[in-house]
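This is query28.tsv (TSV, C-alpha atoms and all ligand atoms).
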```
chain	number	residue	atom	x	y	z
A	1	MET	CA	0.00	0.00	0.00
A	2	SER	CA	2.72	2.43	1.02
A	3	GLY	CA	3.99	2.45	-2.57
A	4	PHE	CA	0.81	4.28	-3.60
A	5	ARG	CA	1.03	6.98	-0.95
A	6	PHE	CA	3.56	9.11	-2.81
A	7	PRO	CA	1.62	9.36	-6.11
A	8	LEU	CA	-1.55	10.08	-4.12
A	9	ALA	CA	0.14	12.83	-2.12
A	10	ALA	CA	1.62	14.27	-5.33
A	11	ALA	CA	-1.81	14.28	-6.99
A	12	ALA	CA	-3.35	16.00	-3.96
A	13	LEU	CA	-0.62	18.66	-3.99
A	14	LEU	CA	-1.14	19.27	-7.70
A	15	ALA	CA	-4.87	19.67	-7.16
A	16	LEU	CA	-4.28	22.13	-4.30
A	17	SER	CA	-1.78	24.20	-6.23
A	18	SER	CA	-4.42	25.40	-8.65
A	19	CYS	CA	-7.55	25.49	-6.54
A	20	ASP	CA	-10.12	28.26	-6.62
A	21	ARG	CA	-11.11	28.75	-3.04
A	22	PRO	CA	-14.30	30.70	-2.43
A	23	TRP	CA	-14.22	33.47	0.12
A	24	GLU	CA	-16.17	33.08	3.32
A	25	ASP	CA	-18.58	35.67	1.93
A	26	GLY	CA	-19.22	33.51	-1.12
A	27	GLU	CA	-17.18	35.64	-3.50
A	28	THR	CA	-14.83	33.59	-5.68
A	29	TYR	CA	-11.38	34.82	-6.55
A	30	PRO	CA	-9.22	32.91	-8.97
A	31	PHE	CA	-6.62	32.08	-6.34
A	32	THR	CA	-4.09	30.26	-8.43
A	33	SER	CA	-0.48	30.63	-9.47
A	34	THR	CA	-0.92	28.59	-12.64
A	35	ASP	CA	-3.04	31.16	-14.46
A	36	SER	CA	-0.49	33.85	-15.15
A	37	VAL	CA	-1.17	37.55	-15.75
A	38	THR	CA	2.43	38.85	-15.55
A	39	ASP	CA	5.65	38.27	-17.49
A	40	PHE	CA	7.28	37.37	-14.16
A	41	ASN	CA	4.83	34.56	-13.39
A	42	GLU	CA	5.00	33.46	-17.03
A	43	ALA	CA	8.78	32.93	-16.76
A	44	ILE	CA	8.32	30.87	-13.59
A	45	LEU	CA	5.52	28.82	-15.16
A	46	ARG	CA	7.61	28.12	-18.28
A	47	LEU	CA	10.36	26.68	-16.08
A	48	TYR	CA	7.84	24.82	-13.95
A	49	GLY	CA	6.28	23.29	-17.07
A	50	LEU	CA	9.65	22.22	-18.48
A	51	VAL	CA	10.73	20.61	-15.19
A	52	THR	CA	7.39	18.83	-14.87
A	53	TRP	CA	7.67	17.40	-18.42
A	54	ILE	CA	11.26	16.20	-17.94
A	55	ASP	CA	10.29	14.63	-14.60
A	56	ALA	CA	7.26	12.98	-16.17
A	57	ILE	CA	9.36	11.44	-18.98
A	58	VAL	CA	11.89	10.09	-16.45
A	59	LEU	CA	9.06	8.67	-14.35
A	60	VAL	CA	7.42	6.95	-17.33
A	61	VAL	CA	10.70	5.45	-18.64
A	62	VAL	CA	11.74	4.14	-15.21
A	63	ALA	CA	8.24	2.77	-14.52
A	64	MET	CA	8.16	1.00	-17.91
A	65	VAL	CA	11.52	-0.72	-17.32
A	66	TYR	CA	10.43	-1.63	-13.79
A	67	PHE	CA	7.07	-3.13	-14.76
A	68	TYR	CA	8.51	-4.86	-17.84
A	69	THR	CA	11.14	-6.56	-15.64
A	70	ILE	CA	8.50	-7.70	-13.16
A	71	TRP	CA	6.35	-9.09	-15.98
A	72	ARG	CA	9.25	-10.65	-17.92
A	73	TRP	CA	10.64	-12.54	-14.91
A	74	ARG	CA	7.37	-13.35	-13.19
A	75	ASP	CA	7.11	-16.77	-11.51
A	76	ASP	CA	5.62	-19.04	-14.22
A	77	GLY	CA	6.33	-22.27	-12.32
A	78	THR	CA	9.40	-23.19	-14.46
A	79	ASN	CA	11.91	-21.77	-12.01
A	80	ARG	CA	13.66	-19.92	-14.89
A	81	LYS	CA	16.19	-17.22	-14.07
A	82	PRO	CA	17.68	-14.33	-16.08
A	83	GLU	CA	21.28	-14.71	-17.18
A	84	GLN	CA	23.47	-13.84	-14.17
A	85	VAL	CA	26.16	-11.27	-15.07
A	86	HIS	CA	28.76	-9.32	-13.12
A	87	GLY	CA	29.17	-5.73	-14.27
A	88	ASN	CA	28.20	-4.13	-17.59
A	89	THR	CA	30.42	-1.21	-18.59
A	90	PRO	CA	28.27	0.34	-21.34
A	91	LEU	CA	25.18	0.15	-19.09
A	92	GLU	CA	27.01	1.68	-16.11
A	93	ILE	CA	28.34	4.54	-18.26
A	94	ALA	CA	24.82	5.08	-19.62
A	95	TRP	CA	23.12	5.30	-16.23
A	96	THR	CA	25.81	7.66	-14.97
A	97	LEU	CA	25.69	9.92	-18.02
A	98	ALA	CA	21.91	10.01	-18.39
A	99	PRO	CA	21.28	11.68	-14.97
A	100	VAL	CA	24.14	14.11	-15.60
A	101	VAL	CA	22.56	15.16	-18.88
A	102	ILE	CA	19.14	15.46	-17.23
A	103	VAL	CA	20.48	17.53	-14.32
A	104	ILE	CA	22.27	19.88	-16.72
A	105	GLY	CA	19.09	20.05	-18.76
A	106	LEU	CA	17.28	21.24	-15.61
A	107	LEU	CA	20.11	23.45	-14.36
A	108	VAL	CA	20.60	25.61	-17.44
A	109	PRO	CA	17.02	26.92	-17.76
A	110	THR	CA	16.72	27.19	-13.95
A	111	VAL	CA	19.82	29.35	-13.57
A	112	ARG	CA	18.85	31.39	-16.64
A	113	THR	CA	15.40	32.08	-15.17
A	114	ILE	CA	16.88	33.00	-11.77
A	115	PHE	CA	19.18	35.57	-13.38
A	116	GLU	CA	16.50	36.83	-15.72
A	117	LEU	CA	14.17	37.50	-12.79
A	118	GLY	CA	16.99	38.91	-10.67
A	119	ASP	CA	17.86	41.64	-13.19
A	120	ALA	CA	17.41	45.24	-12.08
A	121	ALA	CA	14.01	46.73	-12.87
A	122	PRO	CA	13.89	49.15	-15.81
A	123	LYS	CA	14.36	52.80	-14.88
A	124	GLU	CA	10.83	53.77	-15.90
A	125	ALA	CA	9.29	51.16	-13.56
A	126	LEU	CA	6.71	52.31	-11.04
A	127	GLU	CA	8.46	51.82	-7.69
A	128	ILE	CA	6.40	50.80	-4.68
A	129	ARG	CA	7.73	50.09	-1.20
A	130	VAL	CA	5.79	47.22	0.31
A	131	ILE	CA	6.14	47.22	4.09
A	132	GLY	CA	5.08	44.20	6.11
A	133	LYS	CA	3.51	45.25	9.41
A	134	ARG	CA	1.77	43.27	12.13
A	135	TRP	CA	-0.62	42.37	10.52
A	136	TRP	CA	-1.19	44.43	7.42
A	137	TRP	CA	0.64	45.88	4.42
A	138	ALA	CA	1.66	49.48	3.78
A	139	PHE	CA	2.23	50.52	0.16
A	140	GLU	CA	4.33	53.64	-0.50
A	141	TYR	CA	4.56	54.89	-4.08
A	142	VAL	CA	8.16	56.09	-4.28
A	143	GLN	CA	7.87	58.51	-7.23
A	144	SER	CA	4.64	60.20	-6.17
A	145	GLY	CA	4.91	59.87	-2.39
A	146	ILE	CA	1.36	58.63	-1.92
A	147	VAL	CA	0.66	55.97	0.69
A	148	THR	CA	-2.06	53.38	0.94
A	149	ALA	CA	-2.69	50.13	2.79
A	150	ASN	CA	-3.74	46.57	2.02
A	151	GLU	CA	-5.05	47.42	-1.46
A	152	LEU	CA	-2.21	47.74	-3.95
A	153	HIS	CA	-3.11	49.54	-7.18
A	154	ILE	CA	-0.99	48.96	-10.27
A	155	PRO	CA	-1.22	49.81	-13.98
A	156	ALA	CA	-1.50	47.17	-16.70
A	157	GLY	CA	1.23	47.09	-19.35
A	158	ARG	CA	3.86	49.03	-17.38
A	159	PRO	CA	6.73	47.62	-15.33
A	160	VAL	CA	6.08	47.68	-11.59
A	161	SER	CA	8.94	47.28	-9.12
A	162	LEU	CA	8.11	46.19	-5.57
A	163	ILE	CA	10.65	46.88	-2.84
A	164	LEU	CA	9.78	44.55	0.04
A	165	GLU	CA	10.62	45.52	3.61
A	166	SER	CA	9.43	44.63	7.09
A	167	ASP	CA	9.22	46.80	10.18
A	168	SER	CA	8.43	43.85	12.42
A	169	VAL	CA	8.97	40.15	11.78
A	170	VAL	CA	9.42	37.96	8.69
A	171	HIS	CA	6.39	38.08	6.40
A	172	SER	CA	6.02	36.86	2.83
A	173	PHE	CA	4.29	38.79	0.08
A	174	TRP	CA	2.35	36.51	-2.21
A	175	THR	CA	-0.22	37.32	-4.86
A	176	PRO	CA	-0.52	33.97	-6.65
A	177	ARG	CA	-1.66	35.27	-10.04
A	178	LEU	CA	1.13	37.84	-10.20
A	179	GLY	CA	3.61	35.12	-9.20
A	180	GLY	CA	6.69	35.09	-7.04
A	181	LYS	CA	6.02	34.59	-3.38
A	182	ARG	CA	8.85	36.50	-1.74
A	183	ASP	CA	9.93	36.79	1.88
A	184	VAL	CA	9.81	40.18	3.56
A	185	ILE	CA	12.63	40.36	6.07
A	186	PRO	CA	13.45	43.01	8.69
A	187	GLY	CA	16.68	44.84	7.90
A	188	ARG	CA	16.84	44.01	4.20
A	189	GLN	CA	15.18	44.84	0.91
A	190	ASN	CA	13.90	42.13	-1.36
A	191	ARG	CA	12.59	42.96	-4.80
A	192	ILE	CA	10.17	41.70	-7.38
A	193	TRP	CA	9.46	43.44	-10.63
A	194	PHE	CA	6.95	42.53	-13.30
A	195	THR	CA	4.67	43.83	-15.98
A	196	HIS	CA	0.98	42.97	-15.89
A	197	THR	CA	0.75	41.57	-19.42
A	198	ASP	CA	-2.90	40.55	-19.38
A	199	PRO	CA	-4.84	43.41	-20.99
A	200	VAL	CA	-7.17	45.35	-18.68
A	201	LEU	CA	-10.02	47.40	-20.16
A	202	ALA	CA	-10.93	50.90	-19.07
A	203	GLY	CA	-13.75	50.80	-16.54
A	204	ALA	CA	-13.00	47.17	-15.66
A	205	PRO	CA	-10.13	47.01	-13.17
A	206	VAL	CA	-9.21	43.48	-12.08
A	207	THR	CA	-8.70	42.47	-8.45
A	208	TYR	CA	-6.36	39.70	-7.31
A	209	ARG	CA	-6.23	38.29	-3.86
A	210	GLY	CA	-3.00	37.86	-1.92
A	211	GLU	CA	-1.88	36.47	1.40
A	212	CYS	CA	1.00	36.71	3.80
A	213	ALA	CA	2.71	33.38	3.21
A	214	GLU	CA	5.04	33.23	6.20
A	215	TYR	CA	3.77	32.59	9.71
A	216	CYS	CA	4.19	35.91	11.49
A	217	GLY	CA	2.14	35.65	14.68
A	218	GLU	CA	-1.39	35.65	15.97
A	219	SER	CA	-3.14	37.30	13.02
A	220	HIS	CA	-0.99	35.83	10.24
A	221	ALA	CA	-4.05	34.14	8.73
A	222	PHE	CA	-5.77	37.54	8.52
A	223	MET	CA	-2.88	39.37	6.87
A	224	ARG	CA	-4.30	39.54	3.39
A	225	HIS	CA	-4.18	42.06	0.59
A	226	GLU	CA	-5.75	42.84	-2.76
A	227	VAL	CA	-3.99	43.93	-5.93
A	228	VAL	CA	-6.12	46.05	-8.24
A	229	THR	CA	-4.86	46.38	-11.82
A	230	HIS	CA	-6.15	49.35	-13.80
A	231	GLU	CA	-5.95	50.26	-17.43
A	232	ALA	CA	-2.90	52.60	-17.62
A	233	GLY	CA	-4.82	55.87	-18.01
A	234	GLU	CA	-7.19	55.00	-15.18
A	235	PHE	CA	-4.25	54.15	-12.98
A	236	ASP	CA	-2.82	57.65	-13.55
A	237	ALA	CA	-6.18	59.09	-12.55
A	238	TRP	CA	-6.23	56.95	-9.39
A	239	LEU	CA	-2.72	58.06	-8.49
A	240	ALA	CA	-3.62	61.71	-9.02
A	241	SER	CA	-6.77	61.35	-6.90
A	242	MET	CA	-4.78	59.78	-4.04
A	243	ALA	CA	-2.47	62.79	-3.93
A	244	GLN	CA	-5.41	65.20	-3.63
A	245	PRO	CA	-6.82	66.09	-0.21
A	246	VAL	CA	-10.07	64.20	0.31
A	247	ASP	CA	-13.09	66.46	0.56
A	248	PRO	CA	-15.64	64.75	2.81
A	249	GLY	CA	-18.31	67.31	1.82
A	250	THR	CA	-20.52	69.38	4.12
A	251	ASP	CA	-22.95	66.74	5.40
A	252	PRO	CA	-23.22	67.49	9.16
A	253	GLN	CA	-23.19	63.75	10.02
A	254	VAL	CA	-19.96	63.25	8.08
A	255	LEU	CA	-18.40	66.28	9.76
A	256	ALA	CA	-19.51	65.01	13.18
A	257	GLY	CA	-17.83	61.70	12.35
A	258	LYS	CA	-14.68	63.55	11.33
A	259	GLU	CA	-14.69	65.22	14.74
A	260	LYS	CA	-15.17	61.85	16.49
A	261	PHE	CA	-12.31	60.37	14.44
A	262	VAL	CA	-10.03	62.85	16.13
A	263	THR	CA	-11.52	62.96	19.66
A	264	THR	CA	-11.80	59.17	19.97
A	265	GLY	CA	-8.10	58.81	19.24
A	266	CYS	CA	-8.21	57.24	15.74
A	267	ALA	CA	-6.20	60.15	14.31
A	268	GLY	CA	-3.33	59.29	16.64
A	269	CYS	CA	-2.59	56.15	14.62
A	270	HIS	CA	-4.11	56.78	11.18
A	271	ALA	CA	-3.31	59.33	8.51
A	272	ILE	CA	-5.80	60.75	5.99
A	273	THR	CA	-4.61	63.07	3.22
A	274	GLY	CA	-6.61	66.27	3.62
A	275	ASN	CA	-7.32	65.82	7.34
A	276	ASP	CA	-4.69	67.92	9.09
A	277	GLN	CA	-5.42	66.33	12.44
A	278	ALA	CA	-4.98	62.79	11.14
A	279	LYS	CA	-1.25	62.24	10.77
A	280	GLY	CA	-0.72	58.99	12.70
A	281	ILE	CA	1.69	56.46	11.30
A	282	LEU	CA	1.16	53.40	13.52
A	283	GLY	CA	-1.95	52.17	11.73
A	284	PRO	CA	-2.87	51.92	8.05
A	285	ASP	CA	-3.26	55.14	6.05
A	286	LEU	CA	-7.00	55.66	5.50
A	287	THR	CA	-6.93	58.11	2.57
A	288	ARG	CA	-9.95	57.31	0.39
A	289	PHE	CA	-10.83	54.43	2.66
A	290	GLY	CA	-14.42	54.62	1.39
A	291	SER	CA	-13.30	53.31	-1.99
A	292	ARG	CA	-11.58	50.23	-0.57
A	293	GLN	CA	-13.20	46.86	-1.16
A	294	LYS	CA	-12.16	45.26	2.10
A	295	LEU	CA	-11.21	46.20	5.66
A	296	GLY	CA	-8.99	44.75	8.38
A	297	ALA	CA	-6.18	43.83	5.94
A	298	SER	CA	-8.71	42.45	3.45
A	299	THR	CA	-10.31	40.24	6.07
A	300	GLU	CA	-13.91	41.37	5.54
A	301	LEU	CA	-15.95	43.29	2.99
A	302	ASN	CA	-15.92	47.04	3.60
A	303	THR	CA	-19.60	47.32	4.50
A	304	ARG	CA	-21.00	49.78	7.02
A	305	GLU	CA	-22.01	46.97	9.38
A	306	MET	CA	-18.53	45.42	9.28
A	307	LEU	CA	-16.81	48.76	9.68
A	308	VAL	CA	-18.84	49.59	12.80
A	309	GLN	CA	-18.02	46.18	14.26
A	310	TRP	CA	-14.37	46.65	13.31
A	311	ILE	CA	-14.16	50.02	15.05
A	312	MET	CA	-15.91	48.75	18.19
A	313	ASP	CA	-14.31	45.33	18.49
A	314	PRO	CA	-11.57	44.68	15.90
A	315	ASN	CA	-10.42	41.63	17.83
A	316	SER	CA	-13.69	39.87	16.98
A	317	ILE	CA	-12.73	40.08	13.30
A	318	LYS	CA	-8.97	39.82	13.55
A	319	PRO	CA	-7.62	38.21	16.71
A	320	GLY	CA	-4.49	39.85	18.04
A	321	THR	CA	-4.82	43.10	16.10
A	322	THR	CA	-2.91	45.88	17.81
A	323	MET	CA	-5.91	48.15	17.23
A	324	GLU	CA	-7.67	46.23	19.99
A	325	ASP	CA	-4.93	47.13	22.47
A	326	ASN	CA	-5.38	50.76	21.64
A	327	HIS	CA	-9.05	50.52	22.50
A	328	SER	CA	-8.98	48.34	25.55
A	329	ARG	CA	-6.03	49.80	27.38
A	330	GLY	CA	-5.55	53.36	28.36
A	331	PRO	CA	-2.96	55.29	30.28
A	332	ALA	CA	-3.99	55.74	33.89
A	333	GLY	CA	-5.83	58.99	34.31
A	334	ALA	CA	-5.86	59.96	30.64
A	335	ASN	CA	-8.75	58.29	28.91
A	336	ASP	CA	-7.52	58.93	25.38
A	337	GLY	CA	-7.87	55.38	24.10
A	338	MET	CA	-4.25	55.21	23.03
A	339	ASN	CA	-1.82	52.48	23.92
A	340	VAL	CA	1.55	54.12	24.32
A	341	PRO	CA	4.64	52.77	26.08
A	342	GLY	CA	4.07	53.03	29.81
A	343	ASP	CA	0.34	52.38	29.58
A	344	ASP	CA	-1.07	50.34	32.39
A	345	PRO	CA	-2.80	47.32	30.81
A	346	SER	CA	-4.89	46.85	33.97
A	347	VAL	CA	-6.51	50.24	33.49
A	348	PRO	CA	-9.56	50.09	31.25
A	349	GLY	CA	-9.26	52.51	28.36
A	350	THR	CA	-11.74	53.92	25.90
A	351	GLN	CA	-14.25	51.53	24.47
A	352	VAL	CA	-15.69	53.15	21.37
A	353	SER	CA	-19.45	53.42	21.78
A	354	LYS	CA	-21.81	52.21	19.07
A	355	GLU	CA	-22.91	55.79	18.45
A	356	ASP	CA	-19.32	57.00	18.00
A	357	ALA	CA	-18.44	54.01	15.82
A	358	GLU	CA	-21.45	54.75	13.56
A	359	ALA	CA	-20.35	58.39	13.24
A	360	ILE	CA	-16.74	57.42	12.44
A	361	ALA	CA	-17.96	54.86	9.88
A	362	THR	CA	-20.06	57.55	8.18
A	363	TYR	CA	-16.99	59.77	7.91
A	364	LEU	CA	-14.65	57.01	6.68
A	365	HIS	CA	-17.10	55.85	4.03
A	366	ALA	CA	-17.45	59.43	2.79
A	367	LEU	CA	-13.72	59.38	1.95
A	368	LYS	CA	-13.89	58.27	-1.66
B	401	LIG	CU1	2.62	38.44	7.91
B	401	LIG	CU2	2.19	36.11	8.03
```
Taking this structure as input, can you express it in the form of structure tokens?
Amino acid sequence: MSGFRFPLAAAALLALSSCDRPWEDGETYPFTSTDSVTDFNEAILRLYGLVTWIDAIVLVVVAMVYFYTIWRWRDDGTNRKPEQVHGNTPLEIAWTLAPVVIVIGLLVPTVRTIFELGDAAPKEALEIRVIGKRWWWAFEYVQSGIVTANELHIPAGRPVSLILESDSVVHSFWTPRLGGKRDVIPGRQNRIWFTHTDPVLAGAPVTYRGECAEYCGESHAFMRHEVVTHEAGEFDAWLASMAQPVDPGTDPQVLAGKEKFVTTGCAGCHAITGNDQAKGILGPDLTRFGSRQKLGASTELNTREMLVQWIMDPNSIKPGTTMEDNHSRGPAGANDGMNVPGDDPSVPGTQVSKEDAEAIATYLHALK
């Protein structure tokens, strides 16, 4: 029986490597690395395909010789035996040379692909610093200086260069359809660059799902991200809009929420372009948060109901989130809802009321 375990395990792995897992909310994302949309992933898949074919041929040849020998010298009751020989020089040379040729055949394209993908990105590439936090992603657009979180926007048809850094522990940035899972390590910069080669039409941006692929602590499983690819012109418009101060309008409820965003302490950790009191850097930048598809590092859909729950009790959505600490612990005597060094964890801090959370949600969703 044990002889069948390996092929079964291999088949199961193959099936898993290209599965389309539905989201908890029923939405289906093509979550696969074998359906490429970038030149980078294409290069990896070409190599992967070649290696798989060579391996398959070796497997078939070896299996044929093996089963033929079993059949040829099966026990037919005559007690016959194959001719007994000692040593066979041509055969020994052949089975030494054949693996050498195969290994070289695998080595050359592998090394070539490694160097090809390791080349420096072209000068005109859009540079984005990707910073792994606990437990979310910050995206800083180097040329334009804009910052966003958890939802990476890129243009189709132009080279994009990701500079991967961590301010905490080891994470791994992985968007299967773009290819190239890459570790994000404190104290060093790793890079990936690619061009989204699949055409994207105006008015129809495409969203890909991504995950942190290296165990990084309590909320590792909830450290997700989305990559949104726009048609090139629409991407420029998005970039320009992100640099503009967000005008939340004059709706009194929105303005009341803006006030609450500051007085409840949110502004101490979160920045919003256009809100001079919101300059925090500990939490994700919330500029144009209202246009994001997901919240809590792409854990849940960005609905009003979810946002209110997130503001009141983020730990119920994402266990271990540091936002929870900021709510539940306060410095003794100063009920500002912030968790700063020296805070006394035994002192209850601000718990955001439902009313305040509703007001803040109204404000955040007005930021489009
Ligand atoms: Cu970050 Cu796992």
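With distances taken over only C-alpha atoms and all ligand atoms, A:Gly217 is the one residue among A:Pro122, A:Pro199, A:Gly280, A:Gly217 lying closest to ligand LIG 401 (chain B).
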Please identify all polymer residues within 12 Å of Ala120 in chain A, counting all atoms listed in the file, omitting same-chain residues fewer than 3 positions from it, and present them as a PDB file with C-alpha atoms, in the frame of the given file.
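And here is the file that came out, around29.pdb:
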```pdb
ATOM      1  CA  PHE A 115      19.180  35.570 -13.380  1.00  0.00           C
ATOM      2  CA  GLU A 116      16.500  36.830 -15.720  1.00  0.00           C
ATOM      3  CA  LEU A 117      14.170  37.500 -12.790  1.00  0.00           C
ATOM      4  CA  LYS A 123      14.360  52.800 -14.880  1.00  0.00           C
ATOM      5  CA  GLU A 124      10.830  53.770 -15.900  1.00  0.00           C
ATOM      6  CA  ALA A 125       9.290  51.160 -13.560  1.00  0.00           C
ATOM      7  CA  GLU A 127       8.460  51.820  -7.690  1.00  0.00           C
ATOM      8  CA  PRO A 159       6.730  47.620 -15.330  1.00  0.00           C
ATOM      9  CA  VAL A 160       6.080  47.680 -11.590  1.00  0.00           C
ATOM     10  CA  SER A 161       8.940  47.280  -9.120  1.00  0.00           C
ATOM     11  CA  LEU A 162       8.110  46.190  -5.570  1.00  0.00           C
ATOM     12  CA  ILE A 163      10.650  46.880  -2.840  1.00  0.00           C
ATOM     13  CA  ASN A 190      13.900  42.130  -1.360  1.00  0.00           C
ATOM     14  CA  ARG A 191      12.590  42.960  -4.800  1.00  0.00           C
ATOM     15  CA  ILE A 192      10.170  41.700  -7.380  1.00  0.00           C
ATOM     16  CA  TRP A 193       9.460  43.440 -10.630  1.00  0.00           C
ATOM     17  CA  PHE A 194       6.950  42.530 -13.300  1.00  0.00           C
TER      18      PHE A 194
END
```
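Take CA of Glu218 in chain A and CA of Ser316 in chain A: the distance between them is 13.0 Å.
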### Query
When distances are computed from only C-alpha atoms and all ligand atoms, which of A:Gly210, A:Pro109, A:Gly118, A:Pro176 shows the smallest separation from ligand LIG 401 (chain B)?
A:Gly210
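When CA of Asn315 in chain A is paired with CA of Met223 in chain A, their separation reads 13.5 Å.
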### Task
Could you report the residues within 7 Å of ligand LIG 401 (chain B), using all atoms listed in the file, as number ranges by chain?
A: 132, 134-135, 170-172, 212-217, 220-221, 223
### Task
Name all residues at most 9 Å from Leu295 in chain A (count only C-alpha atoms; drop same-chain ones fewer than 6 positions away) and give them as a PyMOL selection string.
chain A and resi 150+289+301-303+306-307+310
### Message
Can you tell me which residues surround Ile185 in chain A at a distance of at most 7 Å, considering all atoms listed in the file, apart from same-chain residues fewer than 2 positions away, and format the answer as a count of residues only?
### Response
8
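For the pair CA of Val37 in chain A and CA of Gly157 in chain A, the separation is 10.5 Å.
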### Task
Within 10 Å of Leu152 in chain A, counting only C-alpha atoms, which residues show up once you throw out same-chain ones fewer than 4 positions away? Write them as a count of residues only, please.
16
Please return the centre and edge lengths, in Å to one decimal, of a box with edges along x, y and z that contains all listed atoms of range 141-155 of chain A, widened by 4 Å on every side, as AutoDock Vina command-line options.
```
--center_x 1.6 --center_y 53.4 --center_z -5.6 --size_x 21.2 --size_y 21.6 --size_z 24.8
```
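Closest approach to Glu324 in chain A among A:Leu201, A:Ala361, A:Leu107, A:Val352 is made by A:Val352 (distances from only C-alpha atoms).
Of the residues under consideration (A:Ala278, A:Ile146, A:Leu164, A:Ile104), A:Leu164 shows the shortest atom-to-atom contact distance to Ile131 in chain A when counting all atoms listed in the file.
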### Query
Within 10 Å of Leu286 in chain A, counting all atoms listed in the file, which residues qualify if same-chain residues fewer than 2 places away don't, as a ChimeraX atom specification?
/A:147-149,267,270-273,278,283-284,288-290,292,364,367
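Of the listed residues (A:Thr89, A:Gln84, A:Thr299, A:Thr32), A:Thr299 comes nearest to Phe222 in chain A; the distances count only C-alpha atoms.
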